Amino acid sequence: MKSIFKYITVATTLFLTLSCQDILDIDSSDYILEKETYYSTETELNYALNGVYAQLASGALYGGYMIGRMGLDADEVYLDYTTDEYSVADYNVESTDTKVMGYWNACYDGIKRANNLLAGVDNPAIDITDDKRADIKGQALFLRGYYYFMLVTRFQGVPLILEPLKSAKVEDLQQPRASGREVYTQILQDLESAADMVRPASEVGTGGRISKSAVWGLLARANLYLAGYPYNEGKPRYMDAMIYAGKIIGTGFHALNPSYEQVFINYAQDKYDIKESIFEVEFHSDGTGVYSAGGVVGRNNGIRNPVSDDIIGYAIGILRTTNYLHGLYATNDARRTWNVAPYYYVNSNGVAVRTDWASNVAAYQRYSGKFRRENELVRPKIPGETPENFPILRYSDVLLMYAEAYNEYYEGADDNALGYLNMVRKRGYPAGADFTDKSYMAFREEVMDERPRELCFEVLRKSDLVRWGIFHDSMIQRHGETPQTSTSSYNVRARRYFGSADPKDQWWPIPSYEMGINRKLVQNEGW
């Protein structure tokens, strides 16, 4: 397992060009990439593909900043981390923010790696079966589409670069912004092509590699985003989202893990469950491999533990939850005590001692508990990194996307949509009565509440609020719910976090560095 990182070797770097900003440092303006000779063996193609995947785990993306430090969980939590005060993590964003620039560069580095692979994968001199070649090409297309999806959801329109850069001449590096719709058109094109090339999830067997279900899932998500704000393409997109989510359901292969908690224990223990976890970012952390890639899942966004030990595992716990999220759950919904941790750890003479929150302690003091280091099996438990994987697409999300899309298209739910919603609800809340109201507004509101109950802290919340057109209103509401006169540090930070959000924060500014080197870029409104 974790093959993506175990087999990345020095050879990988031979086939990956420099990052966009590093290209400017090349002296020769005649620097040419010969795409026909990038790769000559199947092994080299796989090394290059590993490199495209690996960028997801970079520190600027899921390997670091995105996990609780870029405000992407929006109103589910707030940041309680002095180091990140007055930054994008605190909704005090500037075009010079290093995390925003790192995100931009990391996504384009992934795109560059995918473009290089796509330019050379069809070399007829490579001894490889047609099926394997198509599978590699399909995965690269998906990943390029996903990196563009990550960009368009944060910046709207961005430059579309679909071929390797052929020189370092200044004129070749100037690329105008495509519109958001144009970027989405390319994303859908890449994904639709990829769906015909990659293998079914039942054959892939791991959420760390792209399957047809992963492609269909992202197609459903992209169409939902296009249906809502700011594109407002409405019913045709809801129909497409329903079709693609329905394809996954229709395979009959995927299923919810009977235990909600076990889904996240599996991420901590290096166990794949592709029936539930369709696509995930892989990490491993044993401190021995040259190319090991540990992440910060559970360290940054877990239950605070100040002790560096091998029993619980050190965690800085930078995310504190909200009364709003806690209040969405019924009392006996198991997801409430899992996601909004009822305890934390204190240092007692070098030993981590569990301390339960008093029942009357507000959720604003509590830590996000979805990803817990205490479940990790790898030893030693390194203070600075963890082996826990991070979900990008789970089957419960697919079921909720179908239910939402059906309701929006038909302006009311049917038995299937209702059944899929209840499948998700009942796993965490088996003692509760089924939701039964098929009317449009009641069902819509229930789906909108069920998504944070199920998917909180999985870096989906801000995009949901934006596409529903309620981002700023939600942040204002959370600000109003914080204790307004409390001087406790966590309440002060909560008020600043929610109070700093502005309507323009739906998107990030184009990094000022990019604006400086690419004079064809136009800044987002308000920045």
# chains A, B, ... in the order shown; residues from 1 in each chain; ligands from 1
$ residues_around --residues "Gln189 of chain A" --least-positions-apart "4" --cutoff "12 Å" --atoms "only C-alpha atoms" --output "PyMOL selection string"
chain A and resi 138+141-142+144-146+148+182-185+193-196+215+219+222
$ write_last_selection --atoms "all heavy atoms" --output "short mmCIF file (atom, residue, chain, number, x, y, z; two decimals), in the first residue's frame"
data_model
loop_
_atom_site.label_atom_id
_atom_site.label_comp_id
_atom_site.auth_asym_id
_atom_site.auth_seq_id
_atom_site.Cartn_x
_atom_site.Cartn_y
_atom_site.Cartn_z
N GLY A 138 -5.71 8.17 -18.87
CA GLY A 138 -6.95 8.57 -18.22
C GLY A 138 -6.71 9.15 -16.84
O GLY A 138 -7.34 10.14 -16.45
N LEU A 141 -5.33 12.64 -17.26
CA LEU A 141 -6.39 13.58 -17.64
C LEU A 141 -7.25 13.95 -16.44
O LEU A 141 -7.60 15.12 -16.24
CB LEU A 141 -7.26 12.97 -18.74
CG LEU A 141 -6.69 12.99 -20.15
CD1 LEU A 141 -7.51 12.11 -21.07
CD2 LEU A 141 -6.63 14.42 -20.70
N PHE A 142 -7.61 12.95 -15.64
CA PHE A 142 -8.39 13.24 -14.44
C PHE A 142 -7.64 14.20 -13.52
O PHE A 142 -8.22 15.18 -13.04
CB PHE A 142 -8.70 11.95 -13.67
CG PHE A 142 -9.35 12.20 -12.34
CD1 PHE A 142 -10.73 12.20 -12.22
CD2 PHE A 142 -8.60 12.49 -11.20
CE1 PHE A 142 -11.34 12.45 -10.99
CE2 PHE A 142 -9.20 12.74 -9.98
CZ PHE A 142 -10.58 12.72 -9.88
N ARG A 144 -5.22 16.30 -14.16
CA ARG A 144 -5.15 17.66 -14.69
C ARG A 144 -6.50 18.36 -14.48
O ARG A 144 -6.54 19.52 -14.06
CB ARG A 144 -4.81 17.63 -16.19
CG ARG A 144 -4.70 19.05 -16.77
CD ARG A 144 -4.19 19.05 -18.20
NE ARG A 144 -5.18 18.56 -19.15
CZ ARG A 144 -4.98 18.50 -20.46
NH1 ARG A 144 -3.81 18.88 -20.96
NH2 ARG A 144 -5.92 18.05 -21.27
N GLY A 145 -7.59 17.65 -14.76
CA GLY A 145 -8.90 18.23 -14.53
C GLY A 145 -9.13 18.59 -13.07
O GLY A 145 -9.72 19.62 -12.76
N TYR A 146 -8.63 17.74 -12.17
CA TYR A 146 -8.84 18.01 -10.75
C TYR A 146 -8.02 19.22 -10.29
O TYR A 146 -8.52 20.04 -9.50
CB TYR A 146 -8.49 16.79 -9.90
CG TYR A 146 -8.86 16.99 -8.45
CD1 TYR A 146 -10.20 17.08 -8.07
CD2 TYR A 146 -7.90 17.16 -7.46
CE1 TYR A 146 -10.56 17.30 -6.75
CE2 TYR A 146 -8.25 17.38 -6.13
CZ TYR A 146 -9.59 17.45 -5.79
OH TYR A 146 -9.94 17.70 -4.48
N TYR A 148 -7.23 21.76 -12.12
CA TYR A 148 -7.96 22.93 -12.61
C TYR A 148 -9.23 23.17 -11.80
O TYR A 148 -9.63 24.32 -11.56
CB TYR A 148 -8.29 22.80 -14.10
CG TYR A 148 -7.18 23.31 -14.97
CD1 TYR A 148 -6.52 22.49 -15.89
CD2 TYR A 148 -6.77 24.65 -14.90
CE1 TYR A 148 -5.49 22.97 -16.68
CE2 TYR A 148 -5.74 25.15 -15.69
CZ TYR A 148 -5.11 24.30 -16.57
OH TYR A 148 -4.08 24.78 -17.35
N GLU A 182 -15.05 28.64 -19.18
CA GLU A 182 -14.09 28.00 -20.09
C GLU A 182 -13.23 26.98 -19.35
O GLU A 182 -12.93 25.90 -19.86
CB GLU A 182 -13.21 29.05 -20.75
CG GLU A 182 -13.94 29.90 -21.78
CD GLU A 182 -13.13 31.10 -22.26
OE1 GLU A 182 -12.25 31.57 -21.50
OE2 GLU A 182 -13.38 31.55 -23.39
N VAL A 183 -12.85 27.31 -18.12
CA VAL A 183 -12.07 26.35 -17.33
C VAL A 183 -12.91 25.12 -17.03
O VAL A 183 -12.45 23.98 -17.17
CB VAL A 183 -11.57 27.00 -16.02
CG1 VAL A 183 -10.84 25.97 -15.17
CG2 VAL A 183 -10.65 28.17 -16.33
N TYR A 184 -14.17 25.32 -16.65
CA TYR A 184 -15.04 24.18 -16.38
C TYR A 184 -15.26 23.33 -17.64
O TYR A 184 -15.35 22.10 -17.57
CB TYR A 184 -16.38 24.64 -15.83
CG TYR A 184 -16.44 24.69 -14.33
CD1 TYR A 184 -16.45 25.90 -13.64
CD2 TYR A 184 -16.49 23.52 -13.58
CE1 TYR A 184 -16.52 25.94 -12.25
CE2 TYR A 184 -16.54 23.55 -12.20
CZ TYR A 184 -16.55 24.76 -11.54
OH TYR A 184 -16.60 24.79 -10.17
N THR A 185 -15.37 23.98 -18.79
CA THR A 185 -15.52 23.23 -20.04
C THR A 185 -14.35 22.29 -20.25
O THR A 185 -14.52 21.12 -20.64
CB THR A 185 -15.65 24.20 -21.23
OG1 THR A 185 -16.85 24.97 -21.08
CG2 THR A 185 -15.72 23.44 -22.55
N SER A 193 -13.28 12.28 -21.01
CA SER A 193 -12.32 11.43 -21.72
C SER A 193 -11.73 10.39 -20.78
O SER A 193 -11.57 9.21 -21.13
CB SER A 193 -11.20 12.28 -22.33
OG SER A 193 -11.71 13.18 -23.30
N ALA A 194 -11.40 10.82 -19.56
CA ALA A 194 -10.79 9.91 -18.59
C ALA A 194 -11.72 8.77 -18.23
O ALA A 194 -11.27 7.63 -18.00
CB ALA A 194 -10.40 10.69 -17.34
N ALA A 195 -13.02 9.04 -18.16
CA ALA A 195 -13.97 8.01 -17.74
C ALA A 195 -13.94 6.79 -18.66
O ALA A 195 -14.20 5.66 -18.22
CB ALA A 195 -15.38 8.60 -17.69
N ASP A 196 -13.63 7.00 -19.92
CA ASP A 196 -13.58 5.90 -20.88
C ASP A 196 -12.27 5.13 -20.81
O ASP A 196 -12.16 4.05 -21.41
CB ASP A 196 -13.77 6.43 -22.30
CG ASP A 196 -15.16 7.00 -22.53
OD1 ASP A 196 -16.11 6.52 -21.87
OD2 ASP A 196 -15.30 7.94 -23.35
N VAL A 215 -13.94 9.36 -11.29
CA VAL A 215 -14.18 10.31 -12.39
C VAL A 215 -15.63 10.74 -12.40
O VAL A 215 -15.95 11.94 -12.48
CB VAL A 215 -13.78 9.69 -13.74
CG1 VAL A 215 -14.05 10.69 -14.87
CG2 VAL A 215 -12.32 9.27 -13.74
N LEU A 219 -17.24 14.48 -11.82
CA LEU A 219 -18.15 15.05 -12.81
C LEU A 219 -19.46 15.49 -12.16
O LEU A 219 -20.01 16.55 -12.49
CB LEU A 219 -18.43 14.03 -13.92
CG LEU A 219 -17.35 13.93 -15.01
CD1 LEU A 219 -17.51 12.64 -15.81
CD2 LEU A 219 -17.41 15.14 -15.95
N ALA A 222 -18.61 18.72 -10.18
CA ALA A 222 -18.39 19.87 -11.05
C ALA A 222 -19.71 20.39 -11.62
O ALA A 222 -19.93 21.60 -11.72
CB ALA A 222 -17.43 19.50 -12.19
#
$ select_by_dssp --residues "segment 248-452 of chain A" --states "strand (DSSP E)" --output "PDB file with N, CA and C atoms, in the first residue's frame"
ATOM      1  N   SER A 277     -14.715   4.833   0.460  1.00  0.00           N
ATOM      2  CA  SER A 277     -13.767   5.906   0.170  1.00  0.00           C
ATOM      3  C   SER A 277     -13.276   5.760  -1.264  1.00  0.00           C
ATOM      4  N   ILE A 278     -13.885   6.509  -2.162  1.00  0.00           N
ATOM      5  CA  ILE A 278     -13.672   6.316  -3.600  1.00  0.00           C
ATOM      6  C   ILE A 278     -12.370   6.951  -4.068  1.00  0.00           C
ATOM      7  N   PHE A 279     -12.010   8.094  -3.501  1.00  0.00           N
ATOM      8  CA  PHE A 279     -10.765   8.766  -3.885  1.00  0.00           C
ATOM      9  C   PHE A 279     -10.206   9.454  -2.656  1.00  0.00           C
ATOM     10  N   GLU A 280      -8.931   9.200  -2.365  1.00  0.00           N
ATOM     11  CA  GLU A 280      -8.292   9.775  -1.184  1.00  0.00           C
ATOM     12  C   GLU A 280      -6.847  10.116  -1.485  1.00  0.00           C
ATOM     13  N   VAL A 281      -6.306  11.080  -0.755  1.00  0.00           N
ATOM     14  CA  VAL A 281      -4.897  11.440  -0.867  1.00  0.00           C
ATOM     15  C   VAL A 281      -4.125  10.561   0.096  1.00  0.00           C
ATOM     16  N   LEU A 319      -8.175  23.552  14.961  1.00  0.00           N
ATOM     17  CA  LEU A 319      -9.560  23.790  14.590  1.00  0.00           C
ATOM     18  C   LEU A 319     -10.482  23.552  15.778  1.00  0.00           C
ATOM     19  N   ARG A 320     -11.205  24.608  16.157  1.00  0.00           N
ATOM     20  CA  ARG A 320     -12.254  24.475  17.163  1.00  0.00           C
ATOM     21  C   ARG A 320     -13.606  24.571  16.458  1.00  0.00           C
ATOM     22  N   THR A 321     -14.549  23.832  16.960  1.00  0.00           N
ATOM     23  CA  THR A 321     -15.832  23.703  16.279  1.00  0.00           C
ATOM     24  C   THR A 321     -16.768  24.858  16.646  1.00  0.00           C
ATOM     25  N   TYR A 343     -13.711  15.505  24.306  1.00  0.00           N
ATOM     26  CA  TYR A 343     -12.566  15.472  25.217  1.00  0.00           C
ATOM     27  C   TYR A 343     -11.336  16.046  24.523  1.00  0.00           C
ATOM     28  N   TYR A 344     -10.292  16.240  25.317  1.00  0.00           N
ATOM     29  CA  TYR A 344      -9.003  16.692  24.807  1.00  0.00           C
ATOM     30  C   TYR A 344      -7.947  16.112  25.736  1.00  0.00           C
ATOM     31  N   TYR A 345      -6.671  16.397  25.462  1.00  0.00           N
ATOM     32  CA  TYR A 345      -5.593  15.846  26.287  1.00  0.00           C
ATOM     33  C   TYR A 345      -4.796  16.973  26.942  1.00  0.00           C
ATOM     34  N   VAL A 346      -4.347  16.699  28.145  1.00  0.00           N
ATOM     35  CA  VAL A 346      -3.464  17.624  28.851  1.00  0.00           C
ATOM     36  C   VAL A 346      -2.171  16.893  29.186  1.00  0.00           C
ATOM     37  N   ASN A 347      -1.129  17.674  29.405  1.00  0.00           N
ATOM     38  CA  ASN A 347       0.182  17.129  29.748  1.00  0.00           C
ATOM     39  C   ASN A 347       0.297  17.018  31.265  1.00  0.00           C
ATOM     40  N   SER A 348       0.379  15.779  31.737  1.00  0.00           N
ATOM     41  CA  SER A 348       0.554  15.545  33.171  1.00  0.00           C
ATOM     42  C   SER A 348       1.890  14.841  33.388  1.00  0.00           C
ATOM     43  N   VAL A 351       2.903  12.860  30.387  1.00  0.00           N
ATOM     44  CA  VAL A 351       1.930  11.851  29.971  1.00  0.00           C
ATOM     45  C   VAL A 351       0.666  12.557  29.493  1.00  0.00           C
ATOM     46  N   ALA A 352       0.142  12.101  28.347  1.00  0.00           N
ATOM     47  CA  ALA A 352      -1.107  12.662  27.833  1.00  0.00           C
ATOM     48  C   ALA A 352      -2.275  12.072  28.601  1.00  0.00           C
ATOM     49  N   VAL A 353      -3.039  12.927  29.243  1.00  0.00           N
ATOM     50  CA  VAL A 353      -4.178  12.491  30.047  1.00  0.00           C
ATOM     51  C   VAL A 353      -5.456  13.027  29.408  1.00  0.00           C
ATOM     52  N   ARG A 354      -6.361  12.102  29.097  1.00  0.00           N
ATOM     53  CA  ARG A 354      -7.643  12.502  28.527  1.00  0.00           C
ATOM     54  C   ARG A 354      -8.455  13.284  29.549  1.00  0.00           C
ATOM     55  N   THR A 355      -9.023  14.399  29.092  1.00  0.00           N
ATOM     56  CA  THR A 355      -9.847  15.242  29.943  1.00  0.00           C
ATOM     57  C   THR A 355     -11.162  15.508  29.221  1.00  0.00           C
ATOM     58  N   ASP A 356     -12.266  15.091  29.800  1.00  0.00           N
ATOM     59  CA  ASP A 356     -13.573  15.284  29.179  1.00  0.00           C
ATOM     60  C   ASP A 356     -14.067  16.709  29.406  1.00  0.00           C
ATOM     61  N   PHE A 390      -6.424  11.280   3.459  1.00  0.00           N
ATOM     62  CA  PHE A 390      -7.459  12.310   3.515  1.00  0.00           C
ATOM     63  C   PHE A 390      -8.453  12.096   2.382  1.00  0.00           C
ATOM     64  N   PRO A 391      -9.763  12.088   2.689  1.00  0.00           N
ATOM     65  CA  PRO A 391     -10.763  11.802   1.655  1.00  0.00           C
ATOM     66  C   PRO A 391     -11.025  12.982   0.729  1.00  0.00           C
ATOM     67  N   ILE A 392     -11.138  12.675  -0.551  1.00  0.00           N
ATOM     68  CA  ILE A 392     -11.587  13.656  -1.532  1.00  0.00           C
ATOM     69  C   ILE A 392     -13.006  13.339  -1.998  1.00  0.00           C
ATOM     70  N   LEU A 393     -13.321  12.052  -2.088  1.00  0.00           N
ATOM     71  CA  LEU A 393     -14.678  11.656  -2.497  1.00  0.00           C
ATOM     72  C   LEU A 393     -15.077  10.402  -1.746  1.00  0.00           C
ATOM     73  N   ARG A 394     -16.193  10.497  -1.010  1.00  0.00           N
ATOM     74  CA  ARG A 394     -16.749   9.333  -0.329  1.00  0.00           C
ATOM     75  C   ARG A 394     -18.140   9.014  -0.890  1.00  0.00           C
TER      76      ARG A 394
END
$ atom_distance --atom1 "atom CA of Lys438 of chain A" --atom2 "atom CA of Tyr402 of chain A"
14.3 Å
$ residues_around --residues "Ser308 of chain A" --least-positions-apart "3" --cutoff "10 Å" --atoms "only C-alpha atoms" --output "list in words"
Asn305, Ile311, Ile312, Gly313, Tyr314, Ala315, Asn347, Gly350, Val351, Ala352, Lys381, Ile382, Pro383 and Gly384 of chain A
$ write_last_selection --atoms "all heavy atoms" --output "mmCIF file, in the first residue's frame"
data_model
loop_
_atom_site.group_PDB
_atom_site.id
_atom_site.type_symbol
_atom_site.label_atom_id
_atom_site.label_comp_id
_atom_site.auth_asym_id
_atom_site.auth_seq_id
_atom_site.Cartn_x
_atom_site.Cartn_y
_atom_site.Cartn_z
ATOM 1 N N ASN A 305 -3.344 17.512 21.624
ATOM 2 C CA ASN A 305 -2.538 16.760 22.591
ATOM 3 C C ASN A 305 -1.155 17.372 22.614
ATOM 4 O O ASN A 305 -0.420 17.294 21.626
ATOM 5 C CB ASN A 305 -2.443 15.283 22.205
ATOM 6 C CG ASN A 305 -1.477 14.524 23.101
ATOM 7 O OD1 ASN A 305 -1.303 14.869 24.277
ATOM 8 N ND2 ASN A 305 -0.831 13.503 22.556
ATOM 9 N N ILE A 311 1.566 6.907 22.103
ATOM 10 C CA ILE A 311 0.274 6.339 22.496
ATOM 11 C C ILE A 311 -0.859 7.106 21.828
ATOM 12 O O ILE A 311 -1.653 6.534 21.075
ATOM 13 C CB ILE A 311 0.123 6.369 24.025
ATOM 14 C CG1 ILE A 311 1.236 5.549 24.679
ATOM 15 C CG2 ILE A 311 -1.255 5.819 24.428
ATOM 16 C CD1 ILE A 311 1.284 5.665 26.184
ATOM 17 N N ILE A 312 -0.926 8.401 22.081
ATOM 18 C CA ILE A 312 -1.960 9.243 21.491
ATOM 19 C C ILE A 312 -1.454 9.903 20.215
ATOM 20 O O ILE A 312 -2.099 9.851 19.184
ATOM 21 C CB ILE A 312 -2.439 10.315 22.485
ATOM 22 C CG1 ILE A 312 -2.916 9.659 23.784
ATOM 23 C CG2 ILE A 312 -3.554 11.156 21.866
ATOM 24 C CD1 ILE A 312 -4.034 8.659 23.610
ATOM 25 N N GLY A 313 -0.283 10.496 20.294
ATOM 26 C CA GLY A 313 0.264 11.218 19.150
ATOM 27 C C GLY A 313 0.068 12.709 19.289
ATOM 28 O O GLY A 313 -1.039 13.179 19.592
ATOM 29 N N TYR A 314 1.134 13.446 19.082
ATOM 30 C CA TYR A 314 1.109 14.901 19.216
ATOM 31 C C TYR A 314 0.141 15.520 18.204
ATOM 32 O O TYR A 314 0.103 15.130 17.028
ATOM 33 C CB TYR A 314 2.509 15.450 18.996
ATOM 34 C CG TYR A 314 2.607 16.957 19.006
ATOM 35 C CD1 TYR A 314 2.618 17.660 20.201
ATOM 36 C CD2 TYR A 314 2.688 17.669 17.819
ATOM 37 C CE1 TYR A 314 2.715 19.039 20.220
ATOM 38 C CE2 TYR A 314 2.783 19.048 17.817
ATOM 39 C CZ TYR A 314 2.794 19.733 19.020
ATOM 40 O OH TYR A 314 2.882 21.110 19.037
ATOM 41 N N ALA A 315 -0.644 16.488 18.653
ATOM 42 C CA ALA A 315 -1.563 17.198 17.759
ATOM 43 C C ALA A 315 -1.724 18.630 18.244
ATOM 44 O O ALA A 315 -1.985 18.866 19.423
ATOM 45 C CB ALA A 315 -2.919 16.503 17.720
ATOM 46 N N ASN A 347 -1.129 17.674 29.405
ATOM 47 C CA ASN A 347 0.182 17.129 29.748
ATOM 48 C C ASN A 347 0.297 17.018 31.265
ATOM 49 O O ASN A 347 0.288 18.014 31.980
ATOM 50 C CB ASN A 347 1.274 18.054 29.201
ATOM 51 C CG ASN A 347 2.670 17.484 29.387
ATOM 52 O OD1 ASN A 347 2.888 16.585 30.212
ATOM 53 N ND2 ASN A 347 3.618 18.007 28.622
ATOM 54 N N GLY A 350 4.514 14.800 31.498
ATOM 55 C CA GLY A 350 4.976 14.125 30.289
ATOM 56 C C GLY A 350 4.048 13.044 29.774
ATOM 57 O O GLY A 350 4.370 12.376 28.796
ATOM 58 N N VAL A 351 2.903 12.860 30.387
ATOM 59 C CA VAL A 351 1.930 11.851 29.971
ATOM 60 C C VAL A 351 0.666 12.557 29.493
ATOM 61 O O VAL A 351 0.172 13.487 30.147
ATOM 62 C CB VAL A 351 1.592 10.889 31.130
ATOM 63 C CG1 VAL A 351 0.516 9.892 30.706
ATOM 64 C CG2 VAL A 351 2.843 10.166 31.592
ATOM 65 N N ALA A 352 0.142 12.101 28.347
ATOM 66 C CA ALA A 352 -1.107 12.662 27.833
ATOM 67 C C ALA A 352 -2.275 12.072 28.601
ATOM 68 O O ALA A 352 -2.478 10.857 28.612
ATOM 69 C CB ALA A 352 -1.250 12.362 26.349
ATOM 70 N N LYS A 381 5.230 7.554 16.410
ATOM 71 C CA LYS A 381 4.301 8.607 16.013
ATOM 72 C C LYS A 381 5.088 9.916 15.974
ATOM 73 O O LYS A 381 5.395 10.507 16.998
ATOM 74 C CB LYS A 381 3.125 8.709 16.987
ATOM 75 C CG LYS A 381 2.191 7.515 16.919
ATOM 76 C CD LYS A 381 0.906 7.743 17.704
ATOM 77 C CE LYS A 381 -0.045 6.562 17.537
ATOM 78 N NZ LYS A 381 -1.326 6.769 18.264
ATOM 79 N N ILE A 382 5.442 10.311 14.773
ATOM 80 C CA ILE A 382 6.294 11.482 14.582
ATOM 81 C C ILE A 382 5.493 12.749 14.891
ATOM 82 O O ILE A 382 4.373 12.921 14.395
ATOM 83 C CB ILE A 382 6.834 11.507 13.147
ATOM 84 C CG1 ILE A 382 7.651 10.237 12.874
ATOM 85 C CG2 ILE A 382 7.674 12.754 12.892
ATOM 86 C CD1 ILE A 382 8.074 10.081 11.438
ATOM 87 N N PRO A 383 6.026 13.649 15.700
ATOM 88 C CA PRO A 383 5.258 14.853 16.072
ATOM 89 C C PRO A 383 4.852 15.716 14.876
ATOM 90 O O PRO A 383 3.775 16.298 14.879
ATOM 91 C CB PRO A 383 6.213 15.613 16.998
ATOM 92 C CG PRO A 383 7.115 14.568 17.554
ATOM 93 C CD PRO A 383 7.296 13.565 16.448
ATOM 94 N N GLY A 384 5.729 15.784 13.864
ATOM 95 C CA GLY A 384 5.483 16.724 12.781
ATOM 96 C C GLY A 384 4.702 16.192 11.608
ATOM 97 O O GLY A 384 4.352 16.961 10.711
#
$ residues_around --residues "segment 469-474 of chain A" --least-positions-apart "5" --cutoff "9 Å" --atoms "only C-alpha atoms" --output "PDB file with N, CA, C and O atoms, in the first residue's frame"
ATOM      1  N   ALA A  74     -14.888  26.952   6.456  1.00  0.00           N
ATOM      2  CA  ALA A  74     -15.857  28.054   6.580  1.00  0.00           C
ATOM      3  C   ALA A  74     -16.542  28.079   7.935  1.00  0.00           C
ATOM      4  O   ALA A  74     -15.892  28.287   8.954  1.00  0.00           O
ATOM      5  N   ASP A  75     -17.854  27.826   7.968  1.00  0.00           N
ATOM      6  CA  ASP A  75     -18.611  28.048   9.204  1.00  0.00           C
ATOM      7  C   ASP A  75     -18.693  26.822  10.112  1.00  0.00           C
ATOM      8  O   ASP A  75     -19.385  26.856  11.131  1.00  0.00           O
ATOM      9  N   GLY A 228     -24.987  26.017  -9.533  1.00  0.00           N
ATOM     10  CA  GLY A 228     -25.194  27.066  -8.546  1.00  0.00           C
ATOM     11  C   GLY A 228     -24.402  28.331  -8.847  1.00  0.00           C
ATOM     12  O   GLY A 228     -23.885  28.529  -9.947  1.00  0.00           O
ATOM     13  N   TYR A 229     -24.296  29.178  -7.834  1.00  0.00           N
ATOM     14  CA  TYR A 229     -23.595  30.451  -7.954  1.00  0.00           C
ATOM     15  C   TYR A 229     -22.098  30.212  -8.150  1.00  0.00           C
ATOM     16  O   TYR A 229     -21.535  29.315  -7.546  1.00  0.00           O
ATOM     17  N   PRO A 230     -21.419  30.990  -9.022  1.00  0.00           N
ATOM     18  CA  PRO A 230     -21.883  32.165  -9.759  1.00  0.00           C
ATOM     19  C   PRO A 230     -22.334  31.865 -11.179  1.00  0.00           C
ATOM     20  O   PRO A 230     -22.694  32.790 -11.912  1.00  0.00           O
ATOM     21  N   LYS A 462     -16.832  25.349   2.274  1.00  0.00           N
ATOM     22  CA  LYS A 462     -16.848  26.684   1.691  1.00  0.00           C
ATOM     23  C   LYS A 462     -17.437  26.657   0.284  1.00  0.00           C
ATOM     24  O   LYS A 462     -18.251  27.520  -0.075  1.00  0.00           O
ATOM     25  N   SER A 463     -17.055  25.667  -0.515  1.00  0.00           N
ATOM     26  CA  SER A 463     -17.589  25.578  -1.874  1.00  0.00           C
ATOM     27  C   SER A 463     -19.092  25.349  -1.868  1.00  0.00           C
ATOM     28  O   SER A 463     -19.812  25.864  -2.730  1.00  0.00           O
ATOM     29  N   ASP A 464     -19.596  24.569  -0.902  1.00  0.00           N
ATOM     30  CA  ASP A 464     -21.045  24.379  -0.800  1.00  0.00           C
ATOM     31  C   ASP A 464     -21.733  25.700  -0.499  1.00  0.00           C
ATOM     32  O   ASP A 464     -22.743  26.055  -1.132  1.00  0.00           O
ATOM     33  N   HIS A 479     -20.716  34.718  13.266  1.00  0.00           N
ATOM     34  CA  HIS A 479     -20.115  35.801  14.048  1.00  0.00           C
ATOM     35  C   HIS A 479     -21.085  36.269  15.119  1.00  0.00           C
ATOM     36  O   HIS A 479     -20.704  36.506  16.275  1.00  0.00           O
ATOM     37  N   ALA A 501     -14.660  37.826   7.505  1.00  0.00           N
ATOM     38  CA  ALA A 501     -15.115  37.358   6.195  1.00  0.00           C
ATOM     39  C   ALA A 501     -15.900  38.453   5.484  1.00  0.00           C
ATOM     40  O   ALA A 501     -16.746  39.126   6.070  1.00  0.00           O
ATOM     41  N   ASP A 502     -15.603  38.616   4.212  1.00  0.00           N
ATOM     42  CA  ASP A 502     -16.195  39.646   3.368  1.00  0.00           C
ATOM     43  C   ASP A 502     -16.791  38.954   2.143  1.00  0.00           C
ATOM     44  O   ASP A 502     -16.369  37.853   1.792  1.00  0.00           O
ATOM     45  N   PRO A 503     -17.785  39.551   1.469  1.00  0.00           N
ATOM     46  CA  PRO A 503     -18.316  38.917   0.258  1.00  0.00           C
ATOM     47  C   PRO A 503     -17.250  38.555  -0.770  1.00  0.00           C
ATOM     48  O   PRO A 503     -17.348  37.527  -1.446  1.00  0.00           O
ATOM     49  N   LYS A 504     -16.191  39.360  -0.885  1.00  0.00           N
ATOM     50  CA  LYS A 504     -15.160  39.057  -1.873  1.00  0.00           C
ATOM     51  C   LYS A 504     -14.359  37.814  -1.501  1.00  0.00           C
ATOM     52  O   LYS A 504     -13.656  37.239  -2.344  1.00  0.00           O
ATOM     53  N   ASP A 505     -14.467  37.371  -0.229  1.00  0.00           N
ATOM     54  CA  ASP A 505     -13.720  36.203   0.209  1.00  0.00           C
ATOM     55  C   ASP A 505     -14.275  34.893  -0.339  1.00  0.00           C
ATOM     56  O   ASP A 505     -13.749  33.817  -0.036  1.00  0.00           O
ATOM     57  N   GLN A 506     -15.349  34.977  -1.129  1.00  0.00           N
ATOM     58  CA  GLN A 506     -15.777  33.771  -1.840  1.00  0.00           C
ATOM     59  C   GLN A 506     -14.647  33.243  -2.714  1.00  0.00           C
ATOM     60  O   GLN A 506     -14.555  32.046  -2.976  1.00  0.00           O
TER      61      GLN A 506
END
$ select_by_dssp --residues "segment 26-205 of chain A" --states "helix (DSSP H, G or I)" --output "PyMOL selection string"
chain A and resi 35-37+42-57+74-76+82-84+88-90+98-120+130-155+170-173+180-195+201-204
$ residues_around --residues "segment 434-436 of chain A" --least-positions-apart "2" --cutoff "10 Å" --atoms "only C-alpha atoms" --output "list in words"
Ala413, Asp415, Leu418, Gly419, Leu421, Asn422, Met423, Arg425, Lys426, Tyr429, Pro430, Ala431, Gly432, Lys438, Ser439, Ala442, Phe443 and Glu446 of chain A
$ closest_residue --among "A:Arg478, A:Lys99, A:Arg237, A:Arg133" --to "Ile67 of chain A" --atoms "only C-alpha atoms"
A:Lys99
